[in-house]
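Chemist: Pasting a structure below so you can have a look.
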Amino acid sequence: MSHDSTAAPEAAARKLSGRRRKEIVAVLLFSGGPIFESSIPLSVFGIDRQDAGVPRYRLLVCAGEEGPLRTTGGLELTAPNGLEAISRAGTVVVPAWRSITSPPPEEALDALRRAHEEGARIVGLCTGAFVLAAAGLLDGRPATTHWMYAPTLAKRYPSVHVDPRELFVDDGDVLTSAGTAAGIDLCLHIVRTDHGNEAAGALARRLVVPPRRSGGQERYLDRSLPEEIGADPLAEVVAWALEHLHEQFDVETLAARAYMSRRTFDRRFRSLTGSAPLQWLITQRVLQAQRLLETSDYSVDEVAGRCGFRSPVALRGHFRRQLGSSPAAYRAAYRARRPQSEKSADSDSAPPPQSVPQETPVPFQTRRTAAAHAVGPATSSLSTESGRAGAEMYAAGRPSLPGQRSAP
């Protein structure tokens, strides 16, 4: 899922400065940046694929600070350009920022502000959104970032309209994406915006990725809380909620446990997390249902009861809104995509579902679930026949699996 908003009148009227060229893309690198995110725009915009029908961009790799730049894994990079080269670019990409707790260099922020004022398109991939926010380029705008960091972005920059559900957000002259692979989605979107669907499709085939992914970040969410909440008194209430998701309780119950009025609790919870407590609670119940559908043979009705939903109808409604699928279709898609070896191991070693007492709560786990990838095109663990089917999906545009939301 992506979000394309109408750019503000001021942004829409801003023209590219005469010294900047639309076909020039500057990628701003910093020391400590993750190498995967950094490599995405380099691959998309820096390789000549005109033989495949992909229009060529001119890439400028720029150091955002003094080098050498060290990436994850201890690799050292030497960028061929400095910040001055950004003055020629029509698009400036910040792939990622090394730490959401440290401020970016002021010289780099000034360069981004000048580029934006002169009409350049500014792009932040994953935690690169924090750099754009620090430069003031996201004030009053919709934006996204990796779901794990979205609450922190919302808390630190309250004027930014953070939406952790989106894979990317296009607000005209400022664009942001979610984590890692969503950077590919946004870069493909930029190519599609500049040169049309055919060019973006040709590039997607070369990269062996879907030209346009359906769904958003909801299926990957494990929790919507910044790590710093651990030092806050509300942390105890949150921990209790996660341990008792199998019980039926509401936000009023949580407010009472925090010795606060509902209004005060809502305000305090939102200021800490960037999320409304009711939406957070529903998300946790859906995630619990997701795990049970993956790991047990309970019926959908039983799963609803074990996740604190008042009825199976309530589970189905919230599940479909968050994951774009019914619980039954999600389970079927998850099991269909699992390697045969895992299925055999489960059938040999898994205890029967009735061996778990009805009143025993399923413990909350903070790990990312394997089913986050179960409905995606993960072909590395599939059989040869399934691998061919996956390749056909990219070459010929196969319909999405059950459990995948249709593209808007």
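Starting from 1 in every chain, residues are counted up; chains themselves are A, B, ... following the order of the structure tokens, and ligands are numbered from 1 as listed.
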Neighbours of stretch 305-312 of chain A within 8 Å (only C-alpha atoms; same-chain residues fewer than 3 positions away dropped), as a ChimeraX atom specification?

Modeler: /A:245-249,285-286,288-289,300-302,315-316,361-362

Chemist: Could those selected residues go to a file with all heavy atoms, as a compact mmCIF listing (two decimals), in the first residue's frame?

Modeler:
```txt
# COMPACT_ATOMS: atom_id res chain seq x y z
N LEU A 245 -3.80 -10.65 26.79
CA LEU A 245 -4.55 -10.44 25.57
C LEU A 245 -5.66 -11.47 25.39
O LEU A 245 -6.62 -11.24 24.65
CB LEU A 245 -3.61 -10.48 24.35
CG LEU A 245 -2.68 -9.28 24.17
CD1 LEU A 245 -1.73 -9.52 23.02
CD2 LEU A 245 -3.47 -8.00 23.96
N HIS A 246 -5.55 -12.62 26.06
CA HIS A 246 -6.58 -13.65 25.95
C HIS A 246 -7.83 -13.28 26.73
O HIS A 246 -8.87 -13.93 26.59
CB HIS A 246 -6.04 -14.99 26.46
CG HIS A 246 -5.60 -14.94 27.89
ND1 HIS A 246 -4.48 -14.25 28.29
CD2 HIS A 246 -6.14 -15.48 29.01
CE1 HIS A 246 -4.34 -14.38 29.61
NE2 HIS A 246 -5.33 -15.12 30.07
N GLU A 247 -7.77 -12.24 27.54
CA GLU A 247 -8.91 -11.80 28.32
C GLU A 247 -9.62 -10.65 27.60
O GLU A 247 -9.02 -9.92 26.83
CB GLU A 247 -8.47 -11.34 29.72
CG GLU A 247 -7.77 -12.43 30.52
CD GLU A 247 -7.27 -11.90 31.86
OE1 GLU A 247 -7.60 -10.74 32.21
OE2 GLU A 247 -6.55 -12.64 32.55
N GLN A 248 -10.90 -10.50 27.90
CA GLN A 248 -11.65 -9.40 27.32
C GLN A 248 -11.57 -8.19 28.24
O GLN A 248 -12.12 -8.18 29.34
CB GLN A 248 -13.11 -9.80 27.11
CG GLN A 248 -13.30 -10.83 26.00
CD GLN A 248 -14.76 -11.15 25.73
OE1 GLN A 248 -15.65 -10.46 26.23
NE2 GLN A 248 -15.01 -12.18 24.95
N PHE A 249 -10.83 -7.18 27.81
CA PHE A 249 -10.76 -5.91 28.54
C PHE A 249 -10.63 -4.79 27.51
O PHE A 249 -10.32 -5.03 26.35
CB PHE A 249 -9.57 -5.89 29.51
CG PHE A 249 -8.24 -6.03 28.86
CD1 PHE A 249 -7.54 -4.93 28.37
CD2 PHE A 249 -7.65 -7.29 28.72
CE1 PHE A 249 -6.30 -5.07 27.76
CE2 PHE A 249 -6.40 -7.44 28.11
CZ PHE A 249 -5.73 -6.32 27.63
N ARG A 285 -4.06 -7.61 19.48
CA ARG A 285 -4.97 -8.77 19.43
C ARG A 285 -4.92 -9.44 18.05
O ARG A 285 -4.92 -10.67 17.94
CB ARG A 285 -6.39 -8.33 19.75
CG ARG A 285 -6.59 -7.83 21.19
CD ARG A 285 -8.07 -7.79 21.54
NE ARG A 285 -8.33 -7.14 22.82
CZ ARG A 285 -8.15 -7.70 24.02
NH1 ARG A 285 -7.67 -8.94 24.09
NH2 ARG A 285 -8.45 -7.04 25.12
N VAL A 286 -4.84 -8.63 17.00
CA VAL A 286 -4.73 -9.20 15.65
C VAL A 286 -3.41 -9.94 15.48
O VAL A 286 -3.36 -11.02 14.89
CB VAL A 286 -4.88 -8.09 14.60
CG1 VAL A 286 -4.51 -8.60 13.21
CG2 VAL A 286 -6.30 -7.55 14.59
N GLN A 288 -1.72 -11.40 17.83
CA GLN A 288 -1.84 -12.65 18.58
C GLN A 288 -2.63 -13.67 17.77
O GLN A 288 -2.27 -14.86 17.72
CB GLN A 288 -2.53 -12.37 19.92
CG GLN A 288 -2.57 -13.56 20.87
CD GLN A 288 -1.25 -13.78 21.58
OE1 GLN A 288 -0.21 -13.88 20.93
NE2 GLN A 288 -1.28 -13.84 22.89
N ALA A 289 -3.70 -13.22 17.12
CA ALA A 289 -4.47 -14.12 16.27
C ALA A 289 -3.62 -14.63 15.11
O ALA A 289 -3.68 -15.80 14.73
CB ALA A 289 -5.71 -13.39 15.75
N VAL A 300 -11.19 -20.73 13.87
CA VAL A 300 -11.21 -19.27 13.91
C VAL A 300 -11.99 -18.78 15.12
O VAL A 300 -11.62 -17.79 15.77
CB VAL A 300 -11.81 -18.70 12.61
CG1 VAL A 300 -12.01 -17.19 12.70
CG2 VAL A 300 -10.92 -19.03 11.42
N ASP A 301 -13.08 -19.49 15.48
CA ASP A 301 -13.85 -19.11 16.66
C ASP A 301 -13.00 -19.22 17.92
O ASP A 301 -13.03 -18.35 18.80
CB ASP A 301 -15.08 -20.01 16.80
CG ASP A 301 -16.13 -19.69 15.74
OD1 ASP A 301 -15.80 -19.01 14.76
OD2 ASP A 301 -17.28 -20.14 15.89
N GLU A 302 -12.20 -20.30 18.02
CA GLU A 302 -11.34 -20.48 19.19
C GLU A 302 -10.24 -19.42 19.23
O GLU A 302 -9.90 -18.91 20.30
CB GLU A 302 -10.73 -21.88 19.18
CG GLU A 302 -11.73 -22.99 19.46
CD GLU A 302 -11.10 -24.37 19.29
OE1 GLU A 302 -10.44 -24.60 18.26
OE2 GLU A 302 -11.27 -25.21 20.19
N LEU A 315 -13.19 -10.45 15.23
CA LEU A 315 -11.86 -10.85 14.77
C LEU A 315 -11.76 -10.72 13.26
O LEU A 315 -10.79 -10.15 12.74
CB LEU A 315 -11.57 -12.29 15.18
CG LEU A 315 -10.35 -12.95 14.50
CD1 LEU A 315 -9.07 -12.20 14.84
CD2 LEU A 315 -10.24 -14.42 14.89
N ARG A 316 -12.73 -11.24 12.54
CA ARG A 316 -12.66 -11.22 11.07
C ARG A 316 -12.61 -9.79 10.55
O ARG A 316 -11.85 -9.48 9.63
CB ARG A 316 -13.86 -11.96 10.48
CG ARG A 316 -13.83 -13.47 10.73
CD ARG A 316 -14.96 -14.17 10.00
NE ARG A 316 -14.93 -15.61 10.23
CZ ARG A 316 -15.65 -16.25 11.14
NH1 ARG A 316 -16.48 -15.56 11.93
NH2 ARG A 316 -15.55 -17.55 11.28
N PRO A 361 -2.99 -18.72 28.93
CA PRO A 361 -2.76 -17.66 27.94
C PRO A 361 -1.55 -17.97 27.09
O PRO A 361 -0.59 -18.60 27.55
CB PRO A 361 -2.53 -16.42 28.81
CG PRO A 361 -1.98 -16.96 30.09
CD PRO A 361 -2.66 -18.28 30.29
N VAL A 362 -1.61 -17.56 25.85
CA VAL A 362 -0.45 -17.71 24.97
C VAL A 362 0.50 -16.56 25.27
O VAL A 362 0.11 -15.40 25.19
CB VAL A 362 -0.88 -17.67 23.49
CG1 VAL A 362 0.34 -17.77 22.59
CG2 VAL A 362 -1.85 -18.80 23.21
```

Chemist: Could you build a table of the residues in stretch 117-226 of chain A lying no more than 12 Å from stretch 83-88 of chain A, giving for each the nearest pair of atoms and their separation in Å rounded to one decimal place, using only C-alpha atoms, ordered by chain and ascending residue number, as a tab-separated table?

Modeler:
```
residue	atom	partner	partner_atom	distance
A:Glu117	CA	A:Ser87	CA	11.1
A:Glu118	CA	A:Ser87	CA	8.9
A:Gly119	CA	A:Ser87	CA	10.8
A:Ala120	CA	A:Ser87	CA	9.2
A:Arg121	CA	A:Ile86	CA	11.4
A:Ile122	CA	A:Ile86	CA	11.0
```

Chemist: So that I have them on file, write out the residues from the current selection with N, CA, C and O atoms, as an mmCIF file, in the first residue's frame.

Modeler:
```cif
data_model
loop_
_atom_site.group_PDB
_atom_site.id
_atom_site.type_symbol
_atom_site.label_atom_id
_atom_site.label_comp_id
_atom_site.auth_asym_id
_atom_site.auth_seq_id
_atom_site.Cartn_x
_atom_site.Cartn_y
_atom_site.Cartn_z
ATOM 1 N N GLU A 117 14.298 24.018 -1.547
ATOM 2 C CA GLU A 117 13.900 25.374 -1.935
ATOM 3 C C GLU A 117 14.080 25.613 -3.426
ATOM 4 O O GLU A 117 13.343 26.403 -4.033
ATOM 5 N N GLU A 118 15.038 24.925 -4.020
ATOM 6 C CA GLU A 118 15.306 25.090 -5.450
ATOM 7 C C GLU A 118 14.558 24.076 -6.307
ATOM 8 O O GLU A 118 14.863 23.894 -7.484
ATOM 9 N N GLY A 119 13.570 23.417 -5.698
ATOM 10 C CA GLY A 119 12.671 22.570 -6.473
ATOM 11 C C GLY A 119 13.044 21.115 -6.581
ATOM 12 O O GLY A 119 12.366 20.355 -7.292
ATOM 13 N N ALA A 120 14.108 20.679 -5.924
ATOM 14 C CA ALA A 120 14.493 19.267 -6.006
ATOM 15 C C ALA A 120 13.508 18.396 -5.237
ATOM 16 O O ALA A 120 12.903 18.824 -4.249
ATOM 17 N N ARG A 121 13.372 17.188 -5.699
ATOM 18 C CA ARG A 121 12.557 16.183 -5.015
ATOM 19 C C ARG A 121 13.431 15.528 -3.952
ATOM 20 O O ARG A 121 14.519 15.040 -4.247
ATOM 21 N N ILE A 122 12.942 15.483 -2.695
ATOM 22 C CA ILE A 122 13.722 14.952 -1.581
ATOM 23 C C ILE A 122 13.109 13.636 -1.126
ATOM 24 O O ILE A 122 11.892 13.567 -0.879
#
```

Chemist: Which is closer to A:Cys126 than all the others in A:Pro105, A:Pro158, A:Gly183, A:Pro80, using only C-alpha atoms?

Modeler: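 Using only C-alpha atoms, the shortest distance to A:Cys126 belongs to A:Gly183.
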
Chemist: Apply DSSP to the structure's backbone, then extract all residues of stretch 27-141 of chain A labelled strand (DSSP E) and return them as a count of residues only.

Modeler: 23

Chemist: Would you please work out which residue, of A:Leu42, A:Leu60, A:Leu138, A:Val313, is nearest to A:Asp171 when using only C-alpha atoms?

Modeler: A:Leu138

Chemist: For atom CA of A:Val169 and atom CA of A:Leu186, determine how far apart the two atoms are, in Å to one decimal place.

Modeler: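 Result for atom CA of A:Val169 versus atom CA of A:Leu186: 8.2 Å, one decimal.
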
Chemist: Could you pull out the residues in stretch 120-312 of chain A that DSSP calls helix (DSSP H, G or I) from the backbone, as a ChimeraX atom specification?

Modeler: /A:128-134,150-156,182-195,197-207,218-220,227-231,234-243,251-257,262-273,277-295,300-306,312

Chemist: Need to verify the contact set: A:Val251, 12 Å, only C-alpha atoms, exclusion of same-chain residues closer than 5 positions in sequence. Can you return it as a VMD selection string?

Modeler: chain A and resid 237 to 238 241 256 to 258 260 to 266 269 276 to 282

Chemist: A:Ala314, A:Val160, A:Ile47, A:Leu188: which is nearest A:Arg213, counting only C-alpha atoms?

Modeler: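 Checking each candidate against A:Arg213, we get A:Leu188 as the closest.
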
Chemist: Env of stretch 52-55 of chain A: 9 Å cut, atoms = only C-alpha atoms, seq-sep filter 3 positions within chain, self excluded. Answer as an MDAnalysis selection string.

Modeler: chainID A and resid 48:49 191 195 198:203 206

Chemist: Given only C-alpha atoms as the basis, pick out the residue of A:Gly74, A:Pro164, A:Pro41, A:Gly33 nearest to A:Pro104.

Modeler: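 Checking each candidate against A:Pro104, we get A:Gly33 as the closest.
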
Chemist: What does the structure give for the distance between atom CA of A:Ala129 and atom CA of A:Ala89, in Å to one decimal?

Modeler: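 That distance, rounded to one decimal, is 18.9 Å.
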
Chemist: One number please: atom CA of A:Asp194 to atom CA of A:Ile35, in Å, one decimal.

Modeler: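 Result for atom CA of A:Asp194 versus atom CA of A:Ile35: 26.0 Å, one decimal.
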